[in-house]
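Visitor: Just dropping this structure here.
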Amino acid sequence: MVAPVQKDSLTDYQVALATYLRITSPIAGMFTGNEIKPNPNARSIRVPDIRVDDYIVDADIARIGADHYSGSEFTGEWKNGIPPIFWREYSMSRHRSFGFTVFDEQLRFSPIKNIVQEYTGRKMQTTVLRDHDKYCLLAAVSGHMTGKLVPRGGTDVPGPVTAGANKIACTGNAADYKWIAEPGEDYDNQIQPSFATIKGMYLDDTNPLQTLDALSLLFSDNWFDSNFGNNERFLLITSALELVFINYLIDKGAGTESAFDLLKNGDISGAQANGYLGTLKGSWKLVKIHPEFMPKVYTDANLVVDPVATSATAGRTLRQVAALAAYSNAVQTYEHFSERREQDGGTRFKGTEYVQDFSYDIWVIDQLSEGVVPLFLPDTLDNLQIVDDSFDYVAAKVAAARAQLTPYPSTYPLSGPNTELSTPEWFHAPYNNTTNLNATLPVQKAGDVAHDNG
């Protein structure tokens with residue numbers, strides 16, 4: 001699933017960051033839509049589409065009226081020869097950045113000698129990469145075309161369910177965010193949020209693999225005339241759902257050699273990898289992702305996603321996306337790392353400041369939106385209970401990691417908006433004291449003859 005990096009006109013540093021993204025991000029390279037020609041300098045991209053009529057007549061009476069638009073002299077119904085052009089608009093809306101300062105003294109005495117590279121990598125992992133992956137899945141399941149996703153603030157009613165959502169990478173929870181309009185290309189113009197229609201489906205608790213049959217028929221019925229091959233469809237699942245599939249196959253094949261082989265050798269693959277089972281009936285390629293990255297969205301009673309709903313919206317329910325069935329061409333992504341900006345402290349301090357910008361976005365191709373089907377857990381669970389438990393377990397791990405200020409005790413690779421400050425305290429304001437030295441040790445010499453009382 002790792003996509004190549006376009007290297008034209010990029011610096012080595014930008015290529016390195018883009019390569020790191022494609023290796024570590026489960027989303028980069030997953031979607032292959034190419035309808036949109038992104039432009040990082042534009043706020044929106046417009047894609048033309050036409051709707052032709054299917055009016056047809058016998059060739060012997062094929063005429064167009066004298067003024068080219070009226071009906072022919074025989075039928076009076078000949079259609080306009082110029083079909084209407086409809087502009088579908090997509091916006092470039094996601095621009096994020098992170099920064100940090102490294103003092104020369106920290107650099108000199110740090111036990112990690114490549115501290116700048118290490119810190120950059122870890123900051124990328126917990127900020128822009130996590131934001132990229134979770135935003136992309138949330139926006140894709142929401143059917144995003146235009147509009148900017150912003151965190152809910154203290155004055156919003158209802159407010160966010162995650163404290164400090166405005167200071168951390170995207171949580172993936174629609175209850176933490178709202179879609180707003182963006183500035184347009186022209187003065188006093190704006191781009192309102194717009195979305196393709198996304199309709200979900202319940203996973204079958206009694207026969208988990210039966211869901212694949214329903215998906216196969218749905219996709220076949222929707223795309224009878226498309227050029228999409230079945231090899232371009234995939235099912236994004238978690239390890240728990242993969243285990244449910246394996247256990248069901250073992251039960252169905254009870255007493256057979258193949259079932260015994262699964263029971264003996266069956267395994268769940270890495271948290272971000274192709275599924276152990278490979279491809280299942282209907283050419284569904286299993287792709288794994290960690291439960292943390294699966295979004296939560298509001299839906300109506302028919303499982304149609306409502307991207308602008310809140311907890312106050314009547315008839316809407318916040319649901320955890322347990323899996324995602326999609327055609328890779330139905331969604332398009334775009335990523336661009338700017339060159340890193342850095343500035344020497346000069347006379348202000350001994351050290352260097354770093355800022356890294358990252359632009360990216362994801363769009364559901366309007367005409368292909370039926371190729372994105374989120375799968376939800378039913379209200380009553382038995383076989384799928386471990387899937388629900390997995391999401392609850394990871395949510396608790398995420399909350400604990402965000403709450404702590406140091407690398408201990410949680411080792412989950414996530415941080416909150418704050419950590420403990422560097423020690424000693426003279427690395428940060430007011431730069432004149434520290435509580436991390438042993439005050440009981442006597443000061444014997446000041447290091448200068450004038451102050452040498454020995």
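Quick note on naming: the chains in the structure tokens go A, B, ... in the order shown, residues restart at 1 in each chain, and ligands are numbered from 1 in order of appearance.
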As a PyMOL selection string, please: the residues near stretch 114-124 of chain A (cut-off 10 Å, only C-alpha atoms, same-chain neighbours under 4 positions excluded).

Guide: chain A and resi 17+20-21+97-102+106-108+110+128-131+352+354-356+358+413-415

Visitor: Kindly provide the residues of stretch 258-315 of chain A that approach stretch 178-183 of chain A to within 9 Å, each paired with its closest atom pair and their distance in Å to one decimal, based on only C-alpha atoms, listed by chain and increasing number, as a tab-separated table.

Guide:
```
residue	atom	partner	partner_atom	distance
A:Pro307	CA	A:Trp179	CA	7.9
A:Val308	CA	A:Lys178	CA	6.7
A:Ala309	CA	A:Lys178	CA	8.6
A:Thr310	CA	A:Lys178	CA	8.5
```

Visitor: Selected residues, N, CA and C atoms, written as a PDB file, in the first residue's frame, please.

Guide:
```
ATOM      1  N   PRO A 307     -22.918  14.725   8.173  1.00  0.00           N
ATOM      2  CA  PRO A 307     -21.653  15.353   8.583  1.00  0.00           C
ATOM      3  C   PRO A 307     -21.809  16.631   9.387  1.00  0.00           C
ATOM      4  N   VAL A 308     -22.996  17.234   9.399  1.00  0.00           N
ATOM      5  CA  VAL A 308     -23.177  18.496  10.123  1.00  0.00           C
ATOM      6  C   VAL A 308     -24.037  18.330  11.370  1.00  0.00           C
ATOM      7  N   ALA A 309     -24.360  17.102  11.734  1.00  0.00           N
ATOM      8  CA  ALA A 309     -25.178  16.858  12.915  1.00  0.00           C
ATOM      9  C   ALA A 309     -24.359  17.057  14.186  1.00  0.00           C
ATOM     10  N   THR A 310     -25.059  17.268  15.296  1.00  0.00           N
ATOM     11  CA  THR A 310     -24.451  17.345  16.624  1.00  0.00           C
ATOM     12  C   THR A 310     -25.263  16.459  17.555  1.00  0.00           C
TER      13      THR A 310
END
```

Visitor: List every residue of stretch 199-439 of chain A that DSSP, applied to the backbone, labels as strand (DSSP E), and write the result as a VMD selection string.

Guide: chain A and resid 201 to 202 233 to 237 274 to 280 284 to 288 296 to 299 317 to 327 331 to 337 341 to 344 351 to 364 372 to 376

Visitor: Determine which residues of stretch 344-416 of chain A DSSP labels as alpha helix (DSSP H) from the backbone of this structure, then write them out as a compact mmCIF listing (two decimals) with all heavy atoms, in the first residue's frame.

Guide:
```txt
# COMPACT_ATOMS: atom_id res chain seq x y z
N GLN A 385 -18.78 -8.92 19.81
CA GLN A 385 -18.55 -8.24 21.08
C GLN A 385 -17.07 -7.86 21.25
O GLN A 385 -16.74 -6.79 21.77
CB GLN A 385 -19.00 -9.11 22.24
CG GLN A 385 -18.87 -8.44 23.61
CD GLN A 385 -19.73 -7.19 23.74
OE1 GLN A 385 -20.94 -7.24 23.50
NE2 GLN A 385 -19.12 -6.07 24.12
N ILE A 386 -16.17 -8.74 20.80
CA ILE A 386 -14.74 -8.44 20.98
C ILE A 386 -14.31 -7.24 20.15
O ILE A 386 -13.33 -6.56 20.49
CB ILE A 386 -13.86 -9.66 20.64
CG1 ILE A 386 -14.00 -10.05 19.17
CG2 ILE A 386 -14.18 -10.83 21.54
CD1 ILE A 386 -12.98 -11.09 18.74
N VAL A 387 -15.03 -6.95 19.07
CA VAL A 387 -14.72 -5.76 18.28
C VAL A 387 -15.06 -4.51 19.07
O VAL A 387 -14.28 -3.56 19.15
CB VAL A 387 -15.49 -5.78 16.95
CG1 VAL A 387 -15.18 -4.53 16.13
CG2 VAL A 387 -15.15 -7.04 16.15
N ASP A 388 -16.23 -4.50 19.69
CA ASP A 388 -16.64 -3.37 20.52
C ASP A 388 -15.69 -3.22 21.71
O ASP A 388 -15.29 -2.10 22.06
CB ASP A 388 -18.07 -3.57 21.00
CG ASP A 388 -18.64 -2.34 21.67
OD1 ASP A 388 -18.51 -1.24 21.11
OD2 ASP A 388 -19.22 -2.47 22.77
N ASP A 389 -15.32 -4.33 22.34
CA ASP A 389 -14.40 -4.29 23.47
C ASP A 389 -13.04 -3.72 23.06
O ASP A 389 -12.40 -3.00 23.84
CB ASP A 389 -14.21 -5.69 24.05
CG ASP A 389 -15.46 -6.23 24.70
OD1 ASP A 389 -16.38 -5.43 24.99
OD2 ASP A 389 -15.55 -7.46 24.91
N SER A 390 -12.61 -4.03 21.85
CA SER A 390 -11.32 -3.53 21.36
C SER A 390 -11.33 -2.01 21.25
O SER A 390 -10.38 -1.35 21.65
CB SER A 390 -11.00 -4.16 20.00
OG SER A 390 -9.85 -3.59 19.43
N PHE A 391 -12.41 -1.46 20.74
CA PHE A 391 -12.51 0.00 20.64
C PHE A 391 -12.52 0.64 22.02
O PHE A 391 -11.88 1.67 22.24
CB PHE A 391 -13.77 0.40 19.86
CG PHE A 391 -13.65 0.23 18.37
CD1 PHE A 391 -14.39 -0.72 17.70
CD2 PHE A 391 -12.80 1.04 17.65
CE1 PHE A 391 -14.27 -0.88 16.33
CE2 PHE A 391 -12.67 0.91 16.27
CZ PHE A 391 -13.41 -0.07 15.62
N ASP A 392 -13.23 0.03 22.97
CA ASP A 392 -13.27 0.58 24.33
C ASP A 392 -11.88 0.52 24.98
O ASP A 392 -11.47 1.47 25.66
CB ASP A 392 -14.27 -0.21 25.19
CG ASP A 392 -15.71 0.02 24.77
OD1 ASP A 392 -15.97 1.03 24.08
OD2 ASP A 392 -16.57 -0.81 25.11
N TYR A 393 -11.18 -0.58 24.78
CA TYR A 393 -9.85 -0.73 25.37
C TYR A 393 -8.88 0.32 24.83
O TYR A 393 -8.14 0.97 25.59
CB TYR A 393 -9.32 -2.13 25.06
CG TYR A 393 -7.90 -2.37 25.53
CD1 TYR A 393 -7.62 -2.66 26.86
CD2 TYR A 393 -6.84 -2.31 24.63
CE1 TYR A 393 -6.31 -2.87 27.29
CE2 TYR A 393 -5.53 -2.51 25.04
CZ TYR A 393 -5.28 -2.80 26.37
OH TYR A 393 -3.98 -3.00 26.78
N VAL A 394 -8.89 0.51 23.51
CA VAL A 394 -7.98 1.49 22.91
C VAL A 394 -8.35 2.90 23.33
O VAL A 394 -7.47 3.74 23.58
CB VAL A 394 -7.99 1.35 21.37
CG1 VAL A 394 -7.24 2.50 20.71
CG2 VAL A 394 -7.36 0.02 20.97
N ALA A 395 -9.64 3.19 23.44
CA ALA A 395 -10.06 4.53 23.87
C ALA A 395 -9.53 4.83 25.27
O ALA A 395 -9.11 5.97 25.56
CB ALA A 395 -11.58 4.63 23.85
N ALA A 396 -9.52 3.84 26.15
CA ALA A 396 -8.98 4.03 27.49
C ALA A 396 -7.48 4.26 27.45
O ALA A 396 -6.94 5.10 28.20
CB ALA A 396 -9.31 2.82 28.36
N LYS A 397 -6.77 3.54 26.58
CA LYS A 397 -5.33 3.73 26.44
C LYS A 397 -5.01 5.14 25.91
O LYS A 397 -4.07 5.79 26.36
CB LYS A 397 -4.75 2.68 25.49
CG LYS A 397 -4.88 1.25 25.96
CD LYS A 397 -3.86 0.91 27.02
CE LYS A 397 -2.49 0.68 26.43
NZ LYS A 397 -1.52 0.21 27.43
N VAL A 398 -5.79 5.60 24.96
CA VAL A 398 -5.60 6.93 24.39
C VAL A 398 -5.81 8.00 25.46
O VAL A 398 -5.02 8.95 25.58
CB VAL A 398 -6.55 7.15 23.20
CG1 VAL A 398 -6.58 8.62 22.79
CG2 VAL A 398 -6.12 6.29 22.01
N ALA A 399 -6.88 7.86 26.23
CA ALA A 399 -7.18 8.84 27.27
C ALA A 399 -6.06 8.90 28.31
O ALA A 399 -5.65 9.98 28.75
CB ALA A 399 -8.51 8.52 27.94
N ALA A 400 -5.54 7.73 28.71
CA ALA A 400 -4.47 7.70 29.70
C ALA A 400 -3.19 8.32 29.16
O ALA A 400 -2.51 9.07 29.87
CB ALA A 400 -4.21 6.25 30.13
N ALA A 401 -2.87 8.05 27.90
CA ALA A 401 -1.65 8.61 27.31
C ALA A 401 -1.75 10.12 27.16
O ALA A 401 -0.77 10.84 27.36
CB ALA A 401 -1.38 7.96 25.96
N ARG A 402 -2.92 10.62 26.81
CA ARG A 402 -3.10 12.07 26.66
C ARG A 402 -3.00 12.79 28.01
O ARG A 402 -2.59 13.94 28.07
CB ARG A 402 -4.45 12.37 26.03
CG ARG A 402 -4.46 12.21 24.52
CD ARG A 402 -5.42 13.18 23.89
NE ARG A 402 -5.41 13.03 22.44
CZ ARG A 402 -6.32 12.37 21.75
NH1 ARG A 402 -7.32 11.80 22.39
NH2 ARG A 402 -6.24 12.29 20.45
N ALA A 403 -3.39 12.11 29.07
CA ALA A 403 -3.44 12.76 30.38
C ALA A 403 -2.08 12.89 31.04
O ALA A 403 -1.86 13.81 31.83
CB ALA A 403 -4.39 12.00 31.29
```

Visitor: Which residues are close to stretch 213-220 of chain A, i.e. within 12 Å by only C-alpha atoms, leaving aside same-chain residues fewer than 6 positions away? Reply as a ChimeraX atom specification.

Guide: /A:199-204,207,226-230,232-235,280-284,324-327,330,368-375

Visitor: Could you write out that same residue set with C-alpha atoms as a PDB file, in the first residue's frame?

Guide:
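This went into selection.pdb:
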```pdb
ATOM      1  CA  LYS A 199     -24.672   5.403   3.420  1.00  0.00           C
ATOM      2  CA  GLY A 200     -23.486   2.771   5.848  1.00  0.00           C
ATOM      3  CA  MET A 201     -24.398  -0.811   6.616  1.00  0.00           C
ATOM      4  CA  TYR A 202     -24.549  -2.985   9.727  1.00  0.00           C
ATOM      5  CA  LEU A 203     -22.127  -5.841  10.215  1.00  0.00           C
ATOM      6  CA  ASP A 204     -23.942  -9.161  10.528  1.00  0.00           C
ATOM      7  CA  ASN A 207     -22.824 -14.511  10.276  1.00  0.00           C
ATOM      8  CA  SER A 226     -17.680   1.227 -14.490  1.00  0.00           C
ATOM      9  CA  ASN A 227     -14.147   0.274 -15.352  1.00  0.00           C
ATOM     10  CA  PHE A 228     -13.336  -0.479 -11.726  1.00  0.00           C
ATOM     11  CA  GLY A 229     -12.027  -3.970 -11.267  1.00  0.00           C
ATOM     12  CA  ASN A 230     -12.889  -5.998  -8.212  1.00  0.00           C
ATOM     13  CA  GLU A 232      -9.656  -2.178  -6.487  1.00  0.00           C
ATOM     14  CA  ARG A 233     -12.060  -2.812  -3.631  1.00  0.00           C
ATOM     15  CA  PHE A 234     -10.836  -3.292  -0.093  1.00  0.00           C
ATOM     16  CA  LEU A 235     -12.167  -3.776   3.414  1.00  0.00           C
ATOM     17  CA  LEU A 280     -12.196 -13.035   0.923  1.00  0.00           C
ATOM     18  CA  LYS A 281     -15.248 -13.860  -1.209  1.00  0.00           C
ATOM     19  CA  GLY A 282     -16.183 -11.003  -3.500  1.00  0.00           C
ATOM     20  CA  SER A 283     -12.544  -9.985  -4.038  1.00  0.00           C
ATOM     21  CA  TRP A 284     -12.517  -8.057  -0.775  1.00  0.00           C
ATOM     22  CA  LEU A 324     -14.827   0.554   5.945  1.00  0.00           C
ATOM     23  CA  ALA A 325     -15.610  -0.961   2.556  1.00  0.00           C
ATOM     24  CA  ALA A 326     -14.396   1.147  -0.346  1.00  0.00           C
ATOM     25  CA  TYR A 327     -13.266   1.357  -3.915  1.00  0.00           C
ATOM     26  CA  ALA A 330     -13.749   6.608  -5.034  1.00  0.00           C
ATOM     27  CA  LEU A 368     -18.347   7.678  -7.034  1.00  0.00           C
ATOM     28  CA  SER A 369     -19.537   8.184  -3.465  1.00  0.00           C
ATOM     29  CA  GLU A 370     -21.458   4.878  -3.458  1.00  0.00           C
ATOM     30  CA  GLY A 371     -18.007   3.321  -3.342  1.00  0.00           C
ATOM     31  CA  VAL A 372     -17.543   4.364   0.300  1.00  0.00           C
ATOM     32  CA  VAL A 373     -19.571   2.255   2.757  1.00  0.00           C
ATOM     33  CA  PRO A 374     -18.841   2.504   6.502  1.00  0.00           C
ATOM     34  CA  LEU A 375     -19.768  -0.584   8.504  1.00  0.00           C
TER      35      LEU A 375
END
```

Visitor: Excluding same-chain residues fewer than 6 positions from A:Arg152, what lies within 7 Å of it counting only C-alpha atoms, as a list of chain:residue names?

Guide: A:Gly159, A:Pro160, A:Asp176, A:Tyr177, A:Lys178

Visitor: Would you mind exporting all heavy atoms of the selected residues as an mmCIF file, in the first residue's frame?

Guide:
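Dumped everything to selection34.cif:
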```cif
data_model
loop_
_atom_site.group_PDB
_atom_site.id
_atom_site.type_symbol
_atom_site.label_atom_id
_atom_site.label_comp_id
_atom_site.auth_asym_id
_atom_site.auth_seq_id
_atom_site.Cartn_x
_atom_site.Cartn_y
_atom_site.Cartn_z
ATOM 1 N N GLY A 159 -20.478 21.616 23.114
ATOM 2 C CA GLY A 159 -19.026 21.705 23.014
ATOM 3 C C GLY A 159 -18.414 20.374 22.632
ATOM 4 O O GLY A 159 -19.118 19.381 22.409
ATOM 5 N N PRO A 160 -17.091 20.312 22.544
ATOM 6 C CA PRO A 160 -16.409 19.062 22.186
ATOM 7 C C PRO A 160 -16.510 18.038 23.318
ATOM 8 O O PRO A 160 -16.622 18.410 24.492
ATOM 9 C CB PRO A 160 -14.966 19.504 21.962
ATOM 10 C CG PRO A 160 -14.801 20.717 22.834
ATOM 11 C CD PRO A 160 -16.136 21.416 22.812
ATOM 12 N N ASP A 176 -16.440 16.219 18.163
ATOM 13 C CA ASP A 176 -15.438 17.214 18.552
ATOM 14 C C ASP A 176 -15.290 18.339 17.530
ATOM 15 O O ASP A 176 -14.557 19.298 17.792
ATOM 16 C CB ASP A 176 -14.062 16.558 18.729
ATOM 17 C CG ASP A 176 -13.986 15.702 19.982
ATOM 18 O OD1 ASP A 176 -14.652 16.046 20.966
ATOM 19 O OD2 ASP A 176 -13.259 14.695 19.965
ATOM 20 N N TYR A 177 -15.973 18.256 16.402
ATOM 21 C CA TYR A 177 -15.675 19.162 15.292
ATOM 22 C C TYR A 177 -16.939 19.693 14.623
ATOM 23 O O TYR A 177 -18.048 19.173 14.825
ATOM 24 C CB TYR A 177 -14.808 18.446 14.242
ATOM 25 C CG TYR A 177 -13.508 17.950 14.817
ATOM 26 C CD1 TYR A 177 -13.386 16.654 15.302
ATOM 27 C CD2 TYR A 177 -12.404 18.792 14.915
ATOM 28 C CE1 TYR A 177 -12.201 16.203 15.860
ATOM 29 C CE2 TYR A 177 -11.215 18.356 15.476
ATOM 30 C CZ TYR A 177 -11.123 17.054 15.939
ATOM 31 O OH TYR A 177 -9.943 16.630 16.502
ATOM 32 N N LYS A 178 -16.728 20.718 13.807
ATOM 33 C CA LYS A 178 -17.796 21.248 12.968
ATOM 34 C C LYS A 178 -17.178 21.667 11.636
ATOM 35 O O LYS A 178 -15.984 21.979 11.560
ATOM 36 C CB LYS A 178 -18.481 22.436 13.637
ATOM 37 C CG LYS A 178 -17.548 23.614 13.931
ATOM 38 C CD LYS A 178 -18.276 24.732 14.655
ATOM 39 C CE LYS A 178 -17.321 25.895 14.987
ATOM 40 N NZ LYS A 178 -18.022 26.972 15.716
#
```

Visitor: Which residue out of A:Gln332, A:Thr126, A:Asn189, A:Ser338 has the minimum interatomic distance to A:Asp357 when only C-alpha atoms are used?

Guide: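 The closest residue to A:Asp357 is A:Ser338.
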
Visitor: Excluding stretch 87-93 of chain A and any residue of its chain fewer than 5 positions from it, enumerate the residues within 8 Å of it, using only C-alpha atoms, and give them as a list in words.

Guide: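 Result of the neighbour search: Pro38, Asn39, Pro40, Ala42, Arg43, Ser44, Ile45, Arg46, Val47, Pro48, Asp49, Met145, Thr146, Gly147, Lys148, Leu149, Glu182, Ile191, Tyr360, Asp361, Trp363 and Asp366 of chain A.
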
Visitor: Could you take the residues named above and write them with N, CA and C atoms, as a PDB file, in the first residue's frame?

Guide:
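Saved file out-v4.pdb follows:
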```
ATOM      1  N   PRO A  38      -5.032  18.629  -7.842  1.00  0.00           N
ATOM      2  CA  PRO A  38      -4.809  19.525  -6.698  1.00  0.00           C
ATOM      3  C   PRO A  38      -3.849  20.660  -7.024  1.00  0.00           C
ATOM      4  N   ASN A  39      -4.091  21.781  -6.393  1.00  0.00           N
ATOM      5  CA  ASN A  39      -3.224  22.940  -6.513  1.00  0.00           C
ATOM      6  C   ASN A  39      -3.049  23.533  -5.122  1.00  0.00           C
ATOM      7  N   PRO A  40      -1.863  23.373  -4.511  1.00  0.00           N
ATOM      8  CA  PRO A  40      -1.678  23.849  -3.129  1.00  0.00           C
ATOM      9  C   PRO A  40      -1.816  25.354  -2.987  1.00  0.00           C
ATOM     10  N   ALA A  42      -4.238  27.088  -4.475  1.00  0.00           N
ATOM     11  CA  ALA A  42      -5.638  27.453  -4.696  1.00  0.00           C
ATOM     12  C   ALA A  42      -6.471  27.007  -3.504  1.00  0.00           C
ATOM     13  N   ARG A  43      -7.556  27.734  -3.259  1.00  0.00           N
ATOM     14  CA  ARG A  43      -8.437  27.345  -2.169  1.00  0.00           C
ATOM     15  C   ARG A  43      -9.442  26.285  -2.606  1.00  0.00           C
ATOM     16  N   SER A  44      -9.685  26.207  -3.904  1.00  0.00           N
ATOM     17  CA  SER A  44     -10.651  25.224  -4.368  1.00  0.00           C
ATOM     18  C   SER A  44     -10.272  24.723  -5.758  1.00  0.00           C
ATOM     19  N   ILE A  45     -10.786  23.554  -6.079  1.00  0.00           N
ATOM     20  CA  ILE A  45     -10.589  22.953  -7.394  1.00  0.00           C
ATOM     21  C   ILE A  45     -11.973  22.650  -7.957  1.00  0.00           C
ATOM     22  N   ARG A  46     -12.190  23.026  -9.201  1.00  0.00           N
ATOM     23  CA  ARG A  46     -13.492  22.778  -9.822  1.00  0.00           C
ATOM     24  C   ARG A  46     -13.336  21.726 -10.911  1.00  0.00           C
ATOM     25  N   VAL A  47     -14.204  20.727 -10.862  1.00  0.00           N
ATOM     26  CA  VAL A  47     -14.159  19.618 -11.812  1.00  0.00           C
ATOM     27  C   VAL A  47     -15.462  19.611 -12.607  1.00  0.00           C
ATOM     28  N   PRO A  48     -15.398  19.715 -13.941  1.00  0.00           N
ATOM     29  CA  PRO A  48     -16.634  19.748 -14.728  1.00  0.00           C
ATOM     30  C   PRO A  48     -17.240  18.358 -14.908  1.00  0.00           C
ATOM     31  N   ASP A  49     -18.548  18.337 -14.950  1.00  0.00           N
ATOM     32  CA  ASP A  49     -19.276  17.099 -15.224  1.00  0.00           C
ATOM     33  C   ASP A  49     -20.463  17.458 -16.114  1.00  0.00           C
ATOM     34  N   MET A 145     -16.278  17.159   0.469  1.00  0.00           N
ATOM     35  CA  MET A 145     -15.927  17.760  -0.813  1.00  0.00           C
ATOM     36  C   MET A 145     -15.364  19.163  -0.601  1.00  0.00           C
ATOM     37  N   THR A 146     -16.124  20.012   0.084  1.00  0.00           N
ATOM     38  CA  THR A 146     -15.633  21.354   0.419  1.00  0.00           C
ATOM     39  C   THR A 146     -15.930  21.632   1.887  1.00  0.00           C
ATOM     40  N   GLY A 147     -15.267  22.662   2.396  1.00  0.00           N
ATOM     41  CA  GLY A 147     -15.467  23.038   3.785  1.00  0.00           C
ATOM     42  C   GLY A 147     -14.245  22.722   4.626  1.00  0.00           C
ATOM     43  N   LYS A 148     -14.104  23.438   5.712  1.00  0.00           N
ATOM     44  CA  LYS A 148     -12.964  23.297   6.604  1.00  0.00           C
ATOM     45  C   LYS A 148     -13.428  22.712   7.936  1.00  0.00           C
ATOM     46  N   LEU A 149     -12.734  21.687   8.395  1.00  0.00           N
ATOM     47  CA  LEU A 149     -13.044  21.054   9.667  1.00  0.00           C
ATOM     48  C   LEU A 149     -12.294  21.778  10.785  1.00  0.00           C
ATOM     49  N   GLU A 182     -15.179  28.351   3.913  1.00  0.00           N
ATOM     50  CA  GLU A 182     -13.822  28.856   3.710  1.00  0.00           C
ATOM     51  C   GLU A 182     -13.853  30.119   2.851  1.00  0.00           C
ATOM     52  N   ILE A 191     -16.686  29.604   0.260  1.00  0.00           N
ATOM     53  CA  ILE A 191     -16.958  28.242  -0.185  1.00  0.00           C
ATOM     54  C   ILE A 191     -17.673  27.526   0.948  1.00  0.00           C
ATOM     55  N   TYR A 360      -2.582  18.995   3.391  1.00  0.00           N
ATOM     56  CA  TYR A 360      -3.145  17.747   2.883  1.00  0.00           C
ATOM     57  C   TYR A 360      -4.665  17.860   2.883  1.00  0.00           C
ATOM     58  N   ASP A 361      -5.288  17.004   2.143  1.00  0.00           N
ATOM     59  CA  ASP A 361      -6.742  16.940   2.167  1.00  0.00           C
ATOM     60  C   ASP A 361      -7.200  15.640   1.528  1.00  0.00           C
ATOM     61  N   TRP A 363     -10.821  13.945  -0.499  1.00  0.00           N
ATOM     62  CA  TRP A 363     -12.124  14.230  -1.097  1.00  0.00           C
ATOM     63  C   TRP A 363     -12.778  12.928  -1.549  1.00  0.00           C
ATOM     64  N   ASP A 366     -17.618  12.885  -5.988  1.00  0.00           N
ATOM     65  CA  ASP A 366     -19.073  12.942  -5.873  1.00  0.00           C
ATOM     66  C   ASP A 366     -19.767  11.843  -6.673  1.00  0.00           C
TER      67      ASP A 366
END
```

Visitor: If you measure from atom CA of A:Ala314 to atom CA of A:Ala165, what distance in Å do you get, rounded to one decimal?

Guide: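 Those two atoms sit 24.1 Å apart.
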
Visitor: From the set A:Leu381, A:Leu212, A:Ile198, A:Val287, which residue has the shortest atom-to-atom contact distance to A:Leu303, counting only C-alpha atoms?

Guide: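 Smallest distance to A:Leu303 is found for A:Ile198.
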
Visitor: Go through A:Glu292, A:Asp251, A:Asp205, A:Glu339 and flag the residue nearest A:Asp379, using only C-alpha atoms for the distances.

Guide: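 Smallest separation from A:Asp379 among the options: A:Asp205.
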
Visitor: Between atom CA of A:Phe103 and atom CA of A:Lys167, what is the spacing in Å?

Guide: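 Taking atom CA of A:Lys167 as the start and atom CA of A:Phe103 as the end point, the length is 24.0 Å.
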
Visitor: From the options A:Phe31, A:Tyr135, A:Phe245, A:Trp223, which residue's atoms come nearest to A:Gly278, counting only C-alpha atoms?

Guide: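 Nearest to A:Gly278: A:Phe245.
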